[in-house]
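A quick write-up on the structure given underneath.
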Amino acid sequence: DSDSDADPEKSHATDIQPIWNASCKGCHTGGGSSGMLKLDSGYSATVNKPSSQVSKLDLIEPGDPNSSYLWLKLKGTHTAAGGTGVSMPKGGSMSATDLTTIETWITEGANP
């Protein structure tokens, strides 16, 4: 198997929820639900769930970061898709490593 040395696929529980907990705390975790988005249980709240800002896009569209509104908010390209507000996280930024992890997770199919 040529994939035996490849990194295991990213999972929401192991790779993504810790990013939400660290980068989105206060506004979207720990009881916060700014913009109607609560990431304490981020998988069920985001994957295949319609965005409240751009109804034609899901928050996370498995396999397609560019059709995932949450990804566009993180990249700051959400207004081009018809979205509103500021990029996330508000008043801060996410590390390139975290962004790559999120993009990879979405591209691989947004596994739980």
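Numbering starts fresh at 1 for the residues of each chain in the structure tokens, the chains themselves are lettered A, B, ... in the order given, and ligands are numbered from 1 as they appear.
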Within 12 Å of segment 6-10 of chain A: each segment 14-91 of chain A residue with its shortest pair, only C-alpha atoms, as a Markdown table:
| residue | atom | partner | partner_atom | distance |
| --- | --- | --- | --- | --- |
| A:Thr14 | CA | A:Lys10 | CA | 7.5 |
| A:Asp15 | CA | A:Lys10 | CA | 6.0 |
| A:Ile16 | CA | A:Lys10 | CA | 8.0 |
| A:Gln17 | CA | A:Lys10 | CA | 11.1 |
Legend entry - Shell of 9 Å around Asp64 of chain A, only C-alpha atoms, local chain residues under 4 positions omitted, as a list of chain:residue names: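 My list of contacting residues is A:Ile60, A:Ser68, A:Glu103, A:Ile106, A:Thr107, A:Glu108, A:Gly109.
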Kindly export the residues of the current selection with N, CA, C and O atoms, as a PDB file, in the first residue's frame.
ATOM      1  N   ILE A  60     -19.775  24.291   6.257  1.00  0.00           N
ATOM      2  CA  ILE A  60     -18.705  23.398   5.808  1.00  0.00           C
ATOM      3  C   ILE A  60     -19.297  22.461   4.770  1.00  0.00           C
ATOM      4  O   ILE A  60     -20.230  21.702   5.059  1.00  0.00           O
ATOM      5  N   SER A  68     -17.404  26.366   1.208  1.00  0.00           N
ATOM      6  CA  SER A  68     -17.629  26.305   2.649  1.00  0.00           C
ATOM      7  C   SER A  68     -17.551  27.725   3.213  1.00  0.00           C
ATOM      8  O   SER A  68     -16.477  28.330   3.260  1.00  0.00           O
ATOM      9  N   GLU A 103      -8.322  23.496   6.072  1.00  0.00           N
ATOM     10  CA  GLU A 103      -8.519  23.287   4.631  1.00  0.00           C
ATOM     11  C   GLU A 103      -8.352  21.816   4.267  1.00  0.00           C
ATOM     12  O   GLU A 103      -9.140  21.258   3.492  1.00  0.00           O
ATOM     13  N   ILE A 106     -11.413  19.784   5.394  1.00  0.00           N
ATOM     14  CA  ILE A 106     -12.565  19.965   4.498  1.00  0.00           C
ATOM     15  C   ILE A 106     -12.331  19.201   3.189  1.00  0.00           C
ATOM     16  O   ILE A 106     -13.211  18.469   2.728  1.00  0.00           O
ATOM     17  N   THR A 107     -11.137  19.363   2.610  1.00  0.00           N
ATOM     18  CA  THR A 107     -10.813  18.715   1.340  1.00  0.00           C
ATOM     19  C   THR A 107     -10.924  17.191   1.436  1.00  0.00           C
ATOM     20  O   THR A 107     -11.391  16.528   0.501  1.00  0.00           O
ATOM     21  N   GLU A 108     -10.517  16.638   2.579  1.00  0.00           N
ATOM     22  CA  GLU A 108     -10.577  15.182   2.772  1.00  0.00           C
ATOM     23  C   GLU A 108     -11.994  14.670   3.031  1.00  0.00           C
ATOM     24  O   GLU A 108     -12.197  13.473   3.156  1.00  0.00           O
ATOM     25  N   GLY A 109     -12.956  15.571   3.140  1.00  0.00           N
ATOM     26  CA  GLY A 109     -14.337  15.144   3.321  1.00  0.00           C
ATOM     27  C   GLY A 109     -14.941  15.510   4.661  1.00  0.00           C
ATOM     28  O   GLY A 109     -16.022  15.032   5.004  1.00  0.00           O
TER      29      GLY A 109
END
Legend entry - Non-local contacts of segment 94-97 of chain A (9 Å; only C-alpha atoms; under 6 positions in same chain excluded) as a ChimeraX atom specification: /A:19,23,74,88
Inset, instruction - From a DSSP pass on the backbone, collect the residues of chain A flagged as helix (DSSP H, G or I) and hand them back as JSON, numbers by chain. - result: {"A": [12, 13, 14, 15, 16, 17, 18, 19, 20, 21, 22, 23, 34, 35, 36, 42, 43, 44, 45, 46, 65, 66, 67, 69, 70, 71, 72, 73, 74, 75, 78, 79, 80, 81, 96, 97, 98, 99, 100, 101, 102, 103, 104, 105, 106, 107]}
Legend entry - Option closest in space to His78 of chain A, from A:Ala22, A:Val54, A:Leu99, A:Ala45 [counting only C-alpha atoms]: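 Checking each of A:Ala22, A:Val54, A:Leu99, A:Ala45 against His78 of chain A, counting only C-alpha atoms, the winner is A:Val54.
Close contacts of Ser51 of chain A, defined as residues with an atom at most 10 Å away when counting only C-alpha atoms, with chain neighbours fewer than 4 positions off set aside, comprise A:Met36, A:Leu37, A:Thr46, A:Ser55, A:Lys56, A:Leu57, A:Asp58, A:Leu59, A:Ile60, A:Ser68, A:Tyr69, A:Leu70, A:Gly83.
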Selected residues written out, C-alpha atoms, as a tab-separated table (two decimals), in the first residue's frame:
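New file selection36.tsv:
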chain	number	residue	atom	x	y	z
A	36	MET	CA	-26.02	32.20	15.55
A	37	LEU	CA	-22.88	30.05	15.29
A	46	THR	CA	-21.19	23.29	10.77
A	55	SER	CA	-28.08	30.58	1.96
A	56	LYS	CA	-26.59	28.89	-1.13
A	57	LEU	CA	-23.50	27.85	0.86
A	58	ASP	CA	-23.12	25.41	3.72
A	59	LEU	CA	-20.88	26.43	6.61
A	60	ILE	CA	-18.70	23.40	5.81
A	68	SER	CA	-17.63	26.31	2.65
A	69	TYR	CA	-18.75	29.66	4.05
A	70	LEU	CA	-16.87	29.22	7.31
A	83	GLY	CA	-21.39	37.35	2.81
If you count only C-alpha atoms, which residues fall within 8 Å of Thr29 of chain A, apart from same-chain ones fewer than 4 positions away, as an mmCIF file with N, CA and C atoms, in the first residue's frame?
data_model
loop_
_atom_site.group_PDB
_atom_site.id
_atom_site.type_symbol
_atom_site.label_atom_id
_atom_site.label_comp_id
_atom_site.auth_asym_id
_atom_site.auth_seq_id
_atom_site.Cartn_x
_atom_site.Cartn_y
_atom_site.Cartn_z
ATOM 1 N N TRP A 20 -11.134 25.302 17.041
ATOM 2 C CA TRP A 20 -12.312 26.122 17.365
ATOM 3 C C TRP A 20 -12.219 26.576 18.829
ATOM 4 N N ASN A 21 -11.871 25.637 19.708
ATOM 5 C CA ASN A 21 -11.810 25.964 21.138
ATOM 6 C C ASN A 21 -10.788 27.064 21.420
ATOM 7 N N CYS A 24 -11.758 30.484 18.643
ATOM 8 C CA CYS A 24 -13.118 31.015 18.526
ATOM 9 C C CYS A 24 -13.785 31.194 19.884
ATOM 10 N N LYS A 25 -12.980 31.016 20.954
ATOM 11 C CA LYS A 25 -13.546 31.054 22.315
ATOM 12 C C LYS A 25 -14.132 32.420 22.629
ATOM 13 N N SER A 33 -22.641 32.400 21.150
ATOM 14 C CA SER A 33 -23.231 31.983 19.876
ATOM 15 C C SER A 33 -23.393 33.188 18.951
ATOM 16 N N LYS A 38 -22.535 28.442 17.034
ATOM 17 C CA LYS A 38 -22.006 27.929 18.291
ATOM 18 C C LYS A 38 -21.131 26.731 17.956
ATOM 19 N N LEU A 39 -19.832 26.823 18.265
ATOM 20 C CA LEU A 39 -18.877 25.793 17.862
ATOM 21 C C LEU A 39 -18.485 24.825 18.973
ATOM 22 N N ASP A 40 -19.189 24.834 20.104
ATOM 23 C CA ASP A 40 -18.865 23.870 21.157
ATOM 24 C C ASP A 40 -19.006 22.444 20.634
#
Legend entry - DSSP strand (DSSP E or B) selection over chain A, as an MDAnalysis selection string: chainID A and resid 25 29 47 50 58 60 68
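Between atom CA of Ser34 of chain A and atom CA of Gln53 of chain A lies a distance of 12.6 Å.
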Legend entry - Å distance separating atom CA of Thr101 of chain A from atom CA of Ala81 of chain A, one decimal place: 22.3 Å
Inset, instruction - Return the single residue from A:Asn66, A:Glu61, A:Pro89, A:Gly32 that is closest to Val47 of chain A, with distances computed using only C-alpha atoms. - result: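 Once distances to Val47 of chain A are computed over only C-alpha atoms, the minimum belongs to A:Glu61.
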